[in-house]
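Asks: Sharing coords35.cif, mmCIF, C-alpha atoms:
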```cif
data_model
#
loop_
_atom_site.label_atom_id
_atom_site.label_comp_id
_atom_site.auth_asym_id
_atom_site.auth_seq_id
_atom_site.Cartn_x
_atom_site.Cartn_y
_atom_site.Cartn_z
CA MET A 1 -20.32 -19.17 9.23
CA LEU A 2 -17.68 -21.85 9.40
CA PRO A 3 -18.66 -25.30 10.52
CA LEU A 4 -17.10 -26.13 13.88
CA THR A 5 -15.15 -29.01 12.40
CA ALA A 6 -13.54 -26.70 9.83
CA LEU A 7 -12.61 -24.30 12.59
CA ILE A 8 -11.02 -27.04 14.65
CA THR A 9 -9.19 -28.41 11.60
CA GLY A 10 -7.93 -24.91 10.89
CA LEU A 11 -6.73 -24.38 14.43
CA LEU A 12 -4.86 -27.65 14.31
CA ALA A 13 -3.55 -27.24 10.80
CA ALA A 14 -2.60 -23.56 10.72
CA THR A 15 0.97 -23.53 9.54
CA PRO A 16 3.16 -20.48 9.14
CA PRO A 17 2.88 -18.90 5.69
CA ALA A 18 5.78 -19.94 3.46
CA PRO A 19 8.26 -17.16 2.64
CA ALA A 20 7.90 -16.08 -0.98
CA THR A 21 9.53 -13.56 -3.24
CA ALA A 22 7.38 -11.91 -5.91
CA GLU A 23 8.89 -14.35 -8.41
CA LYS A 24 7.75 -17.33 -6.35
CA LEU A 25 4.34 -15.76 -5.94
CA LEU A 26 4.01 -15.23 -9.69
CA GLU A 27 5.07 -18.85 -10.25
CA GLU A 28 2.16 -19.86 -8.04
CA VAL A 29 -0.12 -17.55 -10.04
CA ARG A 30 0.98 -19.13 -13.32
CA ARG A 31 0.80 -22.70 -12.05
CA PRO A 32 -1.71 -24.53 -14.26
CA GLY A 33 -5.05 -25.59 -12.87
CA ALA A 34 -6.85 -22.34 -12.14
CA THR A 35 -8.96 -20.23 -14.49
CA VAL A 36 -8.59 -17.20 -12.22
CA THR A 37 -6.23 -16.43 -9.36
CA LEU A 38 -6.97 -13.89 -6.66
CA VAL A 39 -3.88 -12.69 -4.79
CA ASN A 40 -4.59 -10.88 -1.56
CA ILE A 41 -1.82 -9.15 0.41
CA TRP A 42 -2.83 -8.78 4.05
CA ALA A 43 -1.49 -8.19 7.52
CA THR A 44 -2.92 -8.70 11.00
CA TRP A 45 -2.43 -5.00 11.90
CA CYS A 46 -4.52 -3.99 8.89
CA VAL A 47 -8.12 -3.73 10.12
CA PRO A 48 -9.76 -3.72 6.66
CA CYS A 49 -7.66 -6.79 5.77
CA ARG A 50 -9.05 -8.67 8.77
CA GLU A 51 -12.56 -7.55 7.94
CA GLU A 52 -12.26 -8.70 4.34
CA PHE A 53 -10.65 -12.04 5.18
CA PRO A 54 -13.82 -14.11 5.85
CA ASP A 55 -15.28 -12.99 2.50
CA LEU A 56 -12.13 -14.11 0.67
CA LEU A 57 -12.37 -17.51 2.31
CA ARG A 58 -16.06 -17.73 1.52
CA LEU A 59 -15.30 -16.88 -2.10
CA ARG A 60 -12.72 -19.66 -2.22
CA ARG A 61 -15.16 -22.18 -0.76
CA ALA A 62 -17.81 -21.14 -3.27
CA TYR A 63 -15.71 -21.05 -6.43
CA GLU A 64 -12.63 -23.23 -6.02
CA ALA A 65 -14.41 -26.00 -7.91
CA ARG A 66 -15.01 -23.62 -10.82
CA GLY A 67 -11.40 -22.57 -11.19
CA LEU A 68 -10.69 -19.99 -8.49
CA ARG A 69 -7.31 -20.09 -6.79
CA LEU A 70 -6.91 -17.87 -3.73
CA VAL A 71 -3.33 -16.95 -2.83
CA LEU A 72 -3.06 -15.21 0.54
CA VAL A 73 0.20 -13.33 1.10
CA ASN A 74 0.92 -12.12 4.61
CA ALA A 75 2.94 -8.92 5.04
CA ASP A 76 3.37 -8.92 8.82
CA PHE A 77 6.80 -8.42 10.31
CA GLY A 78 8.32 -8.97 13.76
CA GLU A 79 5.86 -10.30 16.34
CA GLY A 80 3.10 -9.83 13.78
CA ARG A 81 4.23 -13.07 12.15
CA ASP A 82 3.09 -15.10 15.16
CA GLU A 83 -0.14 -13.13 15.16
CA ALA A 84 -0.58 -14.06 11.50
CA VAL A 85 -0.33 -17.80 12.22
CA LYS A 86 -2.83 -17.40 15.05
CA PHE A 87 -5.20 -15.44 12.84
CA LEU A 88 -5.00 -18.04 10.05
CA GLY A 89 -5.89 -20.70 12.62
CA GLU A 90 -8.84 -18.70 13.92
CA GLN A 91 -10.07 -18.24 10.37
CA GLY A 92 -9.83 -21.97 9.71
CA VAL A 93 -7.26 -21.68 6.94
CA SER A 94 -5.80 -25.12 6.32
CA PHE A 95 -4.49 -24.57 2.78
CA PRO A 96 -0.95 -23.28 2.13
CA THR A 97 -0.42 -19.52 2.26
CA LEU A 98 2.57 -17.28 1.61
CA ARG A 99 4.48 -14.53 3.39
CA LYS A 100 6.13 -11.60 1.63
CA GLU A 101 9.89 -12.06 1.53
CA GLU A 102 12.30 -9.73 -0.27
CA ASP A 103 12.51 -5.97 -0.02
CA ASP A 104 9.27 -4.09 -0.52
CA ASP A 105 10.28 -2.10 -3.57
CA ALA A 106 11.24 -5.19 -5.62
CA PHE A 107 8.18 -7.10 -4.42
CA ILE A 108 5.70 -4.29 -5.18
CA ARG A 109 7.16 -3.55 -8.60
CA ALA A 110 7.21 -7.22 -9.60
CA LEU A 111 3.52 -7.55 -8.82
CA GLY A 112 2.68 -4.52 -10.93
CA GLY A 113 -0.76 -3.02 -11.32
CA GLY A 114 0.38 0.38 -10.03
CA TRP A 115 0.21 -0.84 -6.43
CA SER A 116 1.38 1.86 -4.01
CA GLY A 117 2.14 -0.64 -1.26
CA ALA A 118 -0.98 0.15 0.78
CA LEU A 119 -2.90 -2.77 2.30
CA PRO A 120 -5.11 -4.60 1.67
CA ALA A 121 -4.11 -5.09 -1.96
CA THR A 122 -5.86 -7.56 -4.24
CA PHE A 123 -4.82 -8.70 -7.70
CA VAL A 124 -6.82 -10.72 -10.22
CA PHE A 125 -4.89 -12.86 -12.70
CA ASP A 126 -6.56 -14.77 -15.51
CA GLY A 127 -5.86 -18.44 -16.30
CA THR A 128 -2.76 -17.53 -18.29
CA GLY A 129 -1.27 -15.59 -15.38
CA LYS A 130 -2.01 -12.16 -16.88
CA LEU A 131 -2.92 -9.40 -14.45
CA VAL A 132 -6.44 -8.24 -15.28
CA ASP A 133 -7.46 -6.17 -12.26
CA ALA A 134 -6.05 -4.79 -9.03
CA TRP A 135 -7.16 -2.57 -6.18
CA GLU A 136 -5.86 -1.45 -2.80
CA HIS A 137 -8.81 -1.32 -0.46
CA LYS A 138 -11.28 -3.69 1.17
CA GLU A 139 -13.98 -5.02 -1.16
CA THR A 140 -17.39 -6.52 -0.52
CA TYR A 141 -18.21 -10.13 -1.29
CA VAL A 142 -20.50 -9.09 -4.12
CA VAL A 143 -17.76 -7.07 -5.81
CA LEU A 144 -15.16 -9.80 -5.27
CA GLU A 145 -17.57 -12.25 -6.86
CA SER A 146 -18.19 -9.95 -9.84
CA LYS A 147 -14.44 -9.58 -10.41
CA ILE A 148 -13.79 -13.31 -10.75
CA ARG A 149 -17.07 -14.37 -12.34
CA PRO A 150 -16.03 -13.74 -15.99
CA PHE A 151 -13.15 -16.19 -15.59
CA LEU A 152 -14.92 -19.05 -13.85
CA ARG A 153 -15.66 -22.37 -15.51
CA ARG A 154 -19.31 -22.82 -16.32
CA GLU A 155 -19.53 -26.43 -15.27
CA GLY A 156 -19.57 -27.42 -11.64
CA LYS A 157 -21.95 -26.59 -8.91
CA GLU A 158 -22.12 -23.20 -7.20
CA THR A 159 -22.11 -23.70 -3.49
CA THR A 160 -22.33 -20.12 -2.42
CA ARG A 161 -24.60 -18.95 0.41
CA MET B 1 -15.07 -2.00 -47.89
CA ARG B 2 -12.97 -4.95 -46.83
CA THR B 3 -10.16 -2.66 -45.75
CA ARG B 4 -12.64 -0.62 -43.78
CA THR B 5 -13.92 -3.71 -41.99
CA LYS B 6 -10.39 -4.76 -41.22
CA LEU B 7 -9.59 -1.30 -39.87
CA ALA B 8 -12.71 -1.34 -37.73
CA ALA B 9 -11.74 -4.75 -36.38
CA LEU B 10 -8.23 -3.51 -35.66
CA ALA B 11 -9.56 -0.44 -33.86
CA ALA B 12 -11.87 -2.61 -31.79
CA ALA B 13 -8.99 -4.94 -30.93
CA LEU B 14 -6.80 -1.99 -29.94
CA ALA B 15 -9.57 -0.58 -27.77
CA LEU B 16 -9.85 -3.96 -26.06
CA VAL B 17 -6.12 -4.08 -25.41
CA ALA B 18 -6.13 -0.51 -24.07
CA GLY B 19 -9.12 -1.33 -21.89
CA ALA B 20 -7.43 -4.42 -20.50
CA GLY B 21 -4.29 -2.40 -19.77
CA MET B 22 -6.24 0.16 -17.84
CA ALA B 23 -8.17 -2.44 -15.93
CA ALA B 24 -4.92 -3.89 -14.68
CA GLU B 25 -4.00 -0.64 -12.96
CA MET B 26 -5.11 0.03 -9.42
CA ALA B 27 -8.71 1.21 -9.45
CA ALA B 28 -9.92 4.31 -7.61
CA LYS B 29 -6.49 5.44 -6.53
CA PRO B 30 -5.32 9.03 -6.89
CA THR B 31 -2.30 9.40 -9.15
CA ALA B 32 0.82 10.22 -7.18
CA LEU B 33 2.58 13.48 -7.84
CA ALA B 34 5.02 13.12 -10.73
CA ILE B 35 8.74 13.66 -10.36
CA GLY B 36 9.45 17.28 -11.34
CA ALA B 37 6.09 18.56 -10.07
CA ASN B 38 5.76 21.62 -7.82
CA VAL B 39 4.69 21.49 -4.17
CA PRO B 40 0.90 21.12 -4.31
CA ALA B 41 -1.60 22.53 -1.80
CA ALA B 42 1.16 24.86 -0.58
CA ASP B 43 -1.26 27.39 0.93
CA VAL B 44 -3.41 25.03 2.96
CA LYS B 45 -3.21 25.87 6.67
CA MET B 46 -2.62 22.88 8.91
CA LYS B 47 -2.60 22.84 12.69
CA GLY B 48 0.65 21.66 14.23
CA VAL B 49 1.31 19.94 17.54
CA ASP B 50 2.45 23.32 18.97
CA GLY B 51 -1.03 24.71 18.32
CA ASN B 52 0.10 26.98 15.46
CA GLU B 53 -1.10 26.75 11.87
CA VAL B 54 1.46 26.33 9.11
CA THR B 55 1.37 25.89 5.35
CA LEU B 56 3.81 23.97 3.19
CA LYS B 57 4.96 27.31 1.81
CA ASP B 58 5.88 28.35 5.37
CA VAL B 59 8.13 25.34 5.91
CA MET B 60 9.91 25.25 2.54
CA GLY B 61 13.68 25.26 3.08
CA ALA B 62 16.43 27.07 1.21
CA LYS B 63 17.90 23.78 -0.05
CA GLY B 64 14.77 21.67 -0.26
CA THR B 65 11.63 20.43 1.47
CA LEU B 66 10.75 17.05 2.93
CA VAL B 67 7.07 16.19 3.34
CA VAL B 68 6.25 12.90 5.09
CA PHE B 69 2.72 11.56 5.34
CA THR B 70 2.61 9.52 8.50
CA CYS B 71 0.44 8.73 11.51
CA ASN B 72 0.59 7.43 15.07
CA ALA B 73 -0.96 4.00 14.81
CA CYS B 74 0.29 2.23 11.68
CA PRO B 75 2.98 -0.38 12.48
CA TYR B 76 4.92 0.69 9.39
CA ALA B 77 4.83 4.36 10.43
CA LYS B 78 5.92 3.27 13.91
CA GLY B 79 8.60 0.95 12.55
CA TRP B 80 10.19 3.77 10.57
CA GLU B 81 9.36 6.53 13.02
CA SER B 82 12.67 6.88 14.83
CA ARG B 83 14.52 6.88 11.49
CA ILE B 84 12.16 9.53 10.08
CA VAL B 85 12.65 11.71 13.18
CA GLU B 86 16.41 11.31 13.00
CA LEU B 87 16.51 12.24 9.30
CA GLY B 88 14.03 15.09 9.82
CA ASN B 89 15.94 16.60 12.73
CA THR B 90 19.31 16.17 11.01
CA TYR B 91 18.36 17.63 7.65
CA ALA B 92 16.24 20.43 9.16
CA GLY B 93 19.64 21.70 10.32
CA LYS B 94 21.04 21.44 6.79
CA GLY B 95 18.67 23.78 5.00
CA ILE B 96 15.85 21.33 4.35
CA GLY B 97 12.34 22.36 5.40
CA VAL B 98 10.75 19.35 7.11
CA ILE B 99 7.11 18.62 7.88
CA ALA B 100 5.22 15.49 8.93
CA ILE B 101 1.55 15.35 8.03
CA ASN B 102 -1.15 13.15 9.53
CA ALA B 103 -4.01 12.87 7.03
CA ASN B 104 -5.80 10.04 8.81
CA ASP B 105 -9.31 10.43 10.15
CA PRO B 106 -9.14 9.74 13.90
CA LYS B 107 -12.73 8.54 13.66
CA VAL B 108 -11.32 5.50 11.84
CA VAL B 109 -8.30 4.96 14.10
CA ALA B 110 -8.62 6.69 17.48
CA ASP B 111 -4.85 6.69 18.07
CA ASP B 112 -4.44 9.04 15.12
CA GLY B 113 -6.03 11.92 17.05
CA TYR B 114 -4.45 15.29 17.75
CA ASP B 115 -3.61 14.63 21.43
CA GLU B 116 -1.77 11.46 20.48
CA MET B 117 0.16 13.44 17.85
CA VAL B 118 1.20 15.98 20.48
CA SER B 119 2.52 13.34 22.85
CA ARG B 120 4.16 11.39 20.02
CA ALA B 121 6.02 14.47 18.76
CA LYS B 122 7.20 15.22 22.27
CA GLU B 123 8.22 11.64 23.04
CA ARG B 124 10.17 11.28 19.82
CA GLY B 125 11.73 14.75 19.95
CA MET B 126 10.49 15.95 16.56
CA LYS B 127 12.12 19.32 15.88
CA TYR B 128 9.88 20.03 12.90
CA PRO B 129 6.12 20.56 12.55
CA TYR B 130 3.81 17.54 12.84
CA VAL B 131 0.48 18.74 11.49
CA VAL B 132 -3.10 17.66 10.88
CA ASP B 133 -4.45 17.46 7.33
CA ALA B 134 -7.99 17.88 8.63
CA THR B 135 -9.80 16.98 5.42
CA SER B 136 -7.05 14.82 3.84
CA GLN B 137 -6.98 17.39 1.03
CA VAL B 138 -3.20 17.82 1.15
CA ALA B 139 -2.62 14.06 0.97
CA LYS B 140 -5.04 13.89 -1.95
CA ALA B 141 -3.23 16.73 -3.74
CA PHE B 142 0.00 14.75 -3.38
CA GLY B 143 -1.65 11.53 -4.47
CA ALA B 144 -0.34 9.97 -1.28
CA ALA B 145 -1.74 6.52 -0.56
CA ARG B 146 -0.15 5.15 2.56
CA THR B 147 1.80 5.85 5.72
CA PRO B 148 4.65 6.48 5.86
CA GLU B 149 5.24 8.02 2.44
CA ALA B 150 7.93 10.63 1.74
CA PHE B 151 8.02 13.41 -0.86
CA LEU B 152 11.27 15.37 -1.25
CA PHE B 153 11.49 18.64 -3.20
CA ASP B 154 14.66 20.39 -4.28
CA ALA B 155 15.63 24.04 -3.74
CA ASN B 156 13.39 25.03 -6.66
CA GLY B 157 10.40 23.27 -5.11
CA LYS B 158 10.40 20.45 -7.69
CA LEU B 159 9.70 16.87 -6.62
CA VAL B 160 12.93 14.88 -6.82
CA TYR B 161 12.15 11.83 -4.66
CA HIS B 162 8.96 9.98 -3.74
CA GLY B 163 8.68 6.81 -1.74
CA ALA B 164 10.06 4.84 1.15
CA VAL B 165 12.49 5.73 3.92
CA ASP B 166 14.68 2.69 3.31
CA ASP B 167 14.40 -1.00 2.43
CA ASN B 168 13.83 -2.53 5.86
CA VAL B 169 11.06 -1.44 8.20
CA GLU B 170 11.80 -4.24 10.62
CA SER B 171 15.38 -3.47 11.49
CA ALA B 172 17.49 -0.35 11.04
CA GLU B 173 20.59 -2.58 11.25
CA LYS B 174 19.51 -4.66 8.24
CA VAL B 175 18.94 -1.70 5.94
CA THR B 176 20.93 -1.98 2.73
CA LYS B 177 19.38 0.89 0.76
CA THR B 178 19.00 4.25 2.51
CA TYR B 179 16.76 5.74 -0.19
CA LEU B 180 15.57 8.87 1.60
CA LYS B 181 18.91 9.72 3.21
CA ASP B 182 20.67 9.37 -0.15
CA ALA B 183 18.08 11.63 -1.78
CA LEU B 184 18.43 14.18 1.04
CA ASP B 185 22.23 14.17 0.68
CA SER B 186 21.90 14.78 -3.06
CA VAL B 187 19.44 17.64 -2.55
CA VAL B 188 21.61 19.29 0.10
CA ALA B 189 24.60 18.99 -2.25
CA GLY B 190 22.54 20.39 -5.13
CA LYS B 191 23.02 17.14 -7.07
CA GLU B 192 20.55 15.03 -9.00
CA VAL B 193 18.83 12.32 -6.98
CA SER B 194 19.70 8.94 -8.50
CA VAL B 195 16.85 6.75 -7.19
CA LYS B 196 13.77 8.93 -7.62
CA GLU B 197 10.92 6.56 -6.81
CA THR B 198 10.65 3.60 -4.47
CA LYS B 199 7.75 1.67 -3.01
CA ALA B 200 7.06 0.10 0.35
CA VAL B 201 4.25 -1.71 2.05
CA GLY B 202 2.31 0.59 4.34
CA CYS B 203 -1.06 1.32 5.86
CA GLY B 204 -3.58 2.91 3.54
CA ILE B 205 -4.42 6.51 4.50
CA LYS B 206 -7.67 6.56 6.46
CA TRP B 207 -9.35 9.31 4.44
CA HIS B 208 -11.51 11.90 6.15
CA GLN B 209 -15.04 11.46 4.85
CA GLN B 210 -16.57 14.62 3.46
CA ALA B 211 -19.29 15.98 5.73
#
```
Translate the structure described by the file into structure tokens.

Replies:
Amino acid sequence: MLPLTALITGLLAATPPAPATAEKLLEEVRRPGATVTLVNIWATWCVPCREEFPDLLRLRRAYEARGLRLVLVNADFGEGRDEAVKFLGEQGVSFPTLRKEEDDDAFIRALGGGWSGALPATFVFDGTGKLVDAWEHKETYVVLESKIRPFLRREGKETTR
Amino acid sequence: MRTRTKLAALAAALALVAGAGMAAEMAAKPTALAIGANVPAADVKMKGVDGNEVTLKDVMGAKGTLVVFTCNACPYAKGWESRIVELGNTYAGKGIGVIAINANDPKVVADDGYDEMVSRAKERGMKYPYVVDATSQVAKAFGAARTPEAFLFDANGKLVYHGAVDDNVESAEKVTKTYLKDALDSVVAGKEVSVKETKAVGCGIKWHQQA
């Protein structure tokens, strides 16, 4: 559950995701500061994406202090882009997010991991920016947690649950 | 002894590298049919929107065969739909066998049901079969993962193109690469397809759960 204040902040602060090519996305992945980066490609029309979204945000809240960077990449097009901004607001997202720019083939290939293009797609990069895991379905919080746990810093306080 | 230890260490390191490489590939995803492969699941009977059952073998054309996994509800399938219908209708008249397959479980997305398929085919004027893959077994045999996803076979029934319709789902006017049309033209002309595999964002297939 999100505190009301966070929800209000999110509604006020929800800004459109910034357009990003795969190259820009990978720059963000390689930017120093994180020990593990989770990239999630989502769209508002994708029901499992919407269902998984709160768990991704919860994961970020729990583990950002221990090195997790969550990069959300929206893949909506047309009117879906307005929907995406609305959805981000409803979810209380006040940190910067990205939107897929560039043709699909180039974008999908650049990300790698054998991604077919199906959504949701999630990629795990280690602290050096190397792809270590990827899947194209909705995951549970417990599994998401297990995927990033080996890369987290030991120090810091866990604030999950 | 020392050499042996070194070799063991090397083997362990190699195993680690191989393991890491595998981990970085999409987990739990069927491998897509390889270029050059034959039409799989060619004898599976699938019910079409006209009420008749057809197999892939039935629809194979003299010059080639186009199989498109699609559905009614996915915005990507809808975005490309009119272009798929246009290509399907056009190339069905040029010796290509064309079939659209819905492998989605309507229990997951109600709009992917049979009745919706019937009205969709009528509305869009599909002149080729639009059929139900009732257990998703055909999609699985193809290693299809999303909608829409096209597989094009040549006159010998070998896969020569797998992937997207073109490079812009949003606007037909902004398309710069007509992947599927180019592949179809090559197949009709009996020439080699130059771009054999492309990728596009799409909706994951909503697999039928085994009873």

Asks: Identify all residues satisfying the PyMOL selection byres ((chain A) within 12 of (chain B)) in the given file; provide them as an NGL selection string.

Replies: :A and (41-49 or 74-81 or 100-126 or 130-139 or 147)

Asks: Export, as a short mmCIF file (atom, residue, chain, number, x, y, z; two decimals), keeping the file's coordinate frame, the selected residues with C-alpha atoms.

Replies:
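Final file, part.cif:
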```
data_model
loop_
_atom_site.label_atom_id
_atom_site.label_comp_id
_atom_site.auth_asym_id
_atom_site.auth_seq_id
_atom_site.Cartn_x
_atom_site.Cartn_y
_atom_site.Cartn_z
CA ILE A 41 -1.82 -9.15 0.41
CA TRP A 42 -2.83 -8.78 4.05
CA ALA A 43 -1.49 -8.19 7.52
CA THR A 44 -2.92 -8.70 11.00
CA TRP A 45 -2.43 -5.00 11.90
CA CYS A 46 -4.52 -3.99 8.89
CA VAL A 47 -8.12 -3.73 10.12
CA PRO A 48 -9.76 -3.72 6.66
CA CYS A 49 -7.66 -6.79 5.77
CA ASN A 74 0.92 -12.12 4.61
CA ALA A 75 2.94 -8.92 5.04
CA ASP A 76 3.37 -8.92 8.82
CA PHE A 77 6.80 -8.42 10.31
CA GLY A 78 8.32 -8.97 13.76
CA GLU A 79 5.86 -10.30 16.34
CA GLY A 80 3.10 -9.83 13.78
CA ARG A 81 4.23 -13.07 12.15
CA LYS A 100 6.13 -11.60 1.63
CA GLU A 101 9.89 -12.06 1.53
CA GLU A 102 12.30 -9.73 -0.27
CA ASP A 103 12.51 -5.97 -0.02
CA ASP A 104 9.27 -4.09 -0.52
CA ASP A 105 10.28 -2.10 -3.57
CA ALA A 106 11.24 -5.19 -5.62
CA PHE A 107 8.18 -7.10 -4.42
CA ILE A 108 5.70 -4.29 -5.18
CA ARG A 109 7.16 -3.55 -8.60
CA ALA A 110 7.21 -7.22 -9.60
CA LEU A 111 3.52 -7.55 -8.82
CA GLY A 112 2.68 -4.52 -10.93
CA GLY A 113 -0.76 -3.02 -11.32
CA GLY A 114 0.38 0.38 -10.03
CA TRP A 115 0.21 -0.84 -6.43
CA SER A 116 1.38 1.86 -4.01
CA GLY A 117 2.14 -0.64 -1.26
CA ALA A 118 -0.98 0.15 0.78
CA LEU A 119 -2.90 -2.77 2.30
CA PRO A 120 -5.11 -4.60 1.67
CA ALA A 121 -4.11 -5.09 -1.96
CA THR A 122 -5.86 -7.56 -4.24
CA PHE A 123 -4.82 -8.70 -7.70
CA VAL A 124 -6.82 -10.72 -10.22
CA PHE A 125 -4.89 -12.86 -12.70
CA ASP A 126 -6.56 -14.77 -15.51
CA LYS A 130 -2.01 -12.16 -16.88
CA LEU A 131 -2.92 -9.40 -14.45
CA VAL A 132 -6.44 -8.24 -15.28
CA ASP A 133 -7.46 -6.17 -12.26
CA ALA A 134 -6.05 -4.79 -9.03
CA TRP A 135 -7.16 -2.57 -6.18
CA GLU A 136 -5.86 -1.45 -2.80
CA HIS A 137 -8.81 -1.32 -0.46
CA LYS A 138 -11.28 -3.69 1.17
CA GLU A 139 -13.98 -5.02 -1.16
CA LYS A 147 -14.44 -9.58 -10.41
#
```

Asks: Decode the PyMOL selection byres ((chain B and resi 99) around 9) for the given file into explicit residues and return them as a count of residues only.

Replies: 17

Asks: Can you pull out every residue within 8 Å of region 94-97 of chain A, counting all atoms listed in the file, but drop anything in the same chain fewer than 2 positions away, and send it as a PyMOL selection string?

Replies: chain A and resi 9-10+13-18+71-74+89+92+99

Asks: At what distance in Å, to one decimal, does CA of Glu51 (chain A) lie from CA of Arg66 (chain A)?

Replies: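 So the two atoms, CA of Arg66 (chain A) and CA of Glu51 (chain A), lie 24.8 Å apart.
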
Asks: Check which residues satisfy the PyMOL selection byres ((chain A and resi 24-31) around 8) in the file shown, then give them as a PyMOL selection string.

Replies: chain A and resi 20-23+32-34+37+71+98+111+125+127-129

Asks: Given the selection you just returned, output its residues as a file containing C-alpha atoms, formatted as a short mmCIF file (atom, residue, chain, number, x, y, z; two decimals), keeping the file's coordinate frame.

Replies:
```
data_model
loop_
_atom_site.label_atom_id
_atom_site.label_comp_id
_atom_site.auth_asym_id
_atom_site.auth_seq_id
_atom_site.Cartn_x
_atom_site.Cartn_y
_atom_site.Cartn_z
CA ALA A 20 7.90 -16.08 -0.98
CA THR A 21 9.53 -13.56 -3.24
CA ALA A 22 7.38 -11.91 -5.91
CA GLU A 23 8.89 -14.35 -8.41
CA PRO A 32 -1.71 -24.53 -14.26
CA GLY A 33 -5.05 -25.59 -12.87
CA ALA A 34 -6.85 -22.34 -12.14
CA THR A 37 -6.23 -16.43 -9.36
CA VAL A 71 -3.33 -16.95 -2.83
CA LEU A 98 2.57 -17.28 1.61
CA LEU A 111 3.52 -7.55 -8.82
CA PHE A 125 -4.89 -12.86 -12.70
CA GLY A 127 -5.86 -18.44 -16.30
CA THR A 128 -2.76 -17.53 -18.29
CA GLY A 129 -1.27 -15.59 -15.38
#
```

Asks: Please measure the separation of CA of Leu144 (chain A) and CA of Leu33 (chain B), giving the value in Å to one decimal.

Replies: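 Computed distance, CA of Leu144 (chain A) to CA of Leu33 (chain B), equals 29.4 Å.
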
Asks: In Å, rounded to a single decimal, give me how far CA of Val85 (chain B) is from CA of Lys158 (chain B).

Replies: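 Computing it gives 22.7 Å between the two atoms.
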
Asks: Taking into account all atoms listed in the file, which residue in the set B:Asn156, B:Cys71, B:Glu192, B:Ala42 is nearest to Ala110 (chain B)?

Replies: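 Using all atoms listed in the file, Ala110 (chain B) sits closest to B:Cys71.
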
Asks: Give the answer as one residue: which of B:Arg124, B:His162, B:Lys63, B:Lys78 has the shortest atom-to-atom distance to Val188 (chain B), using only C-alpha atoms?

Replies: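 Going through B:Arg124, B:His162, B:Lys63, B:Lys78 one by one, the smallest distance to Val188 (chain B) is for B:Lys63.
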
Asks: As number ranges by chain, please: the residues near Gly36 (chain B) (cut-off 10 Å, only C-alpha atoms, same-chain neighbours under 4 positions excluded).

Replies: B: 153-154, 156-161

Asks: Rank A:Leu88, A:Val39, A:Val93, A:Leu152 by their smallest atom-to-atom distance to Ala62 (chain A), using only C-alpha atoms, and report the top residue only.

Replies: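 Answer, going by the shortest atom-to-atom distance: A:Leu152.
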
Asks: Which residue is closest to Gly64 (chain B)? Choose from B:Val39, B:Ile84, B:Ala77, B:Val132 and count all atoms listed in the file.

Replies: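 Checking each candidate against Gly64 (chain B), we get B:Val39 as the closest.
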
Asks: Let me make sure I understand: among B:Arg120, B:Lys191, B:His208, B:Lys140, which one has the smallest atom-to-atom distance to Ser82 (chain B) if we use only C-alpha atoms?

Replies: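 For Ser82 (chain B), the nearest of the given residues is B:Arg120.
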
Asks: Pick from B:Ala150, B:Val165, B:Asn89, B:Asp133: nearest to Thr55 (chain B), with all atoms listed in the file counted?

Replies: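 Comparing B:Ala150, B:Val165, B:Asn89, B:Asp133 against Thr55 (chain B), the winner is B:Asp133.
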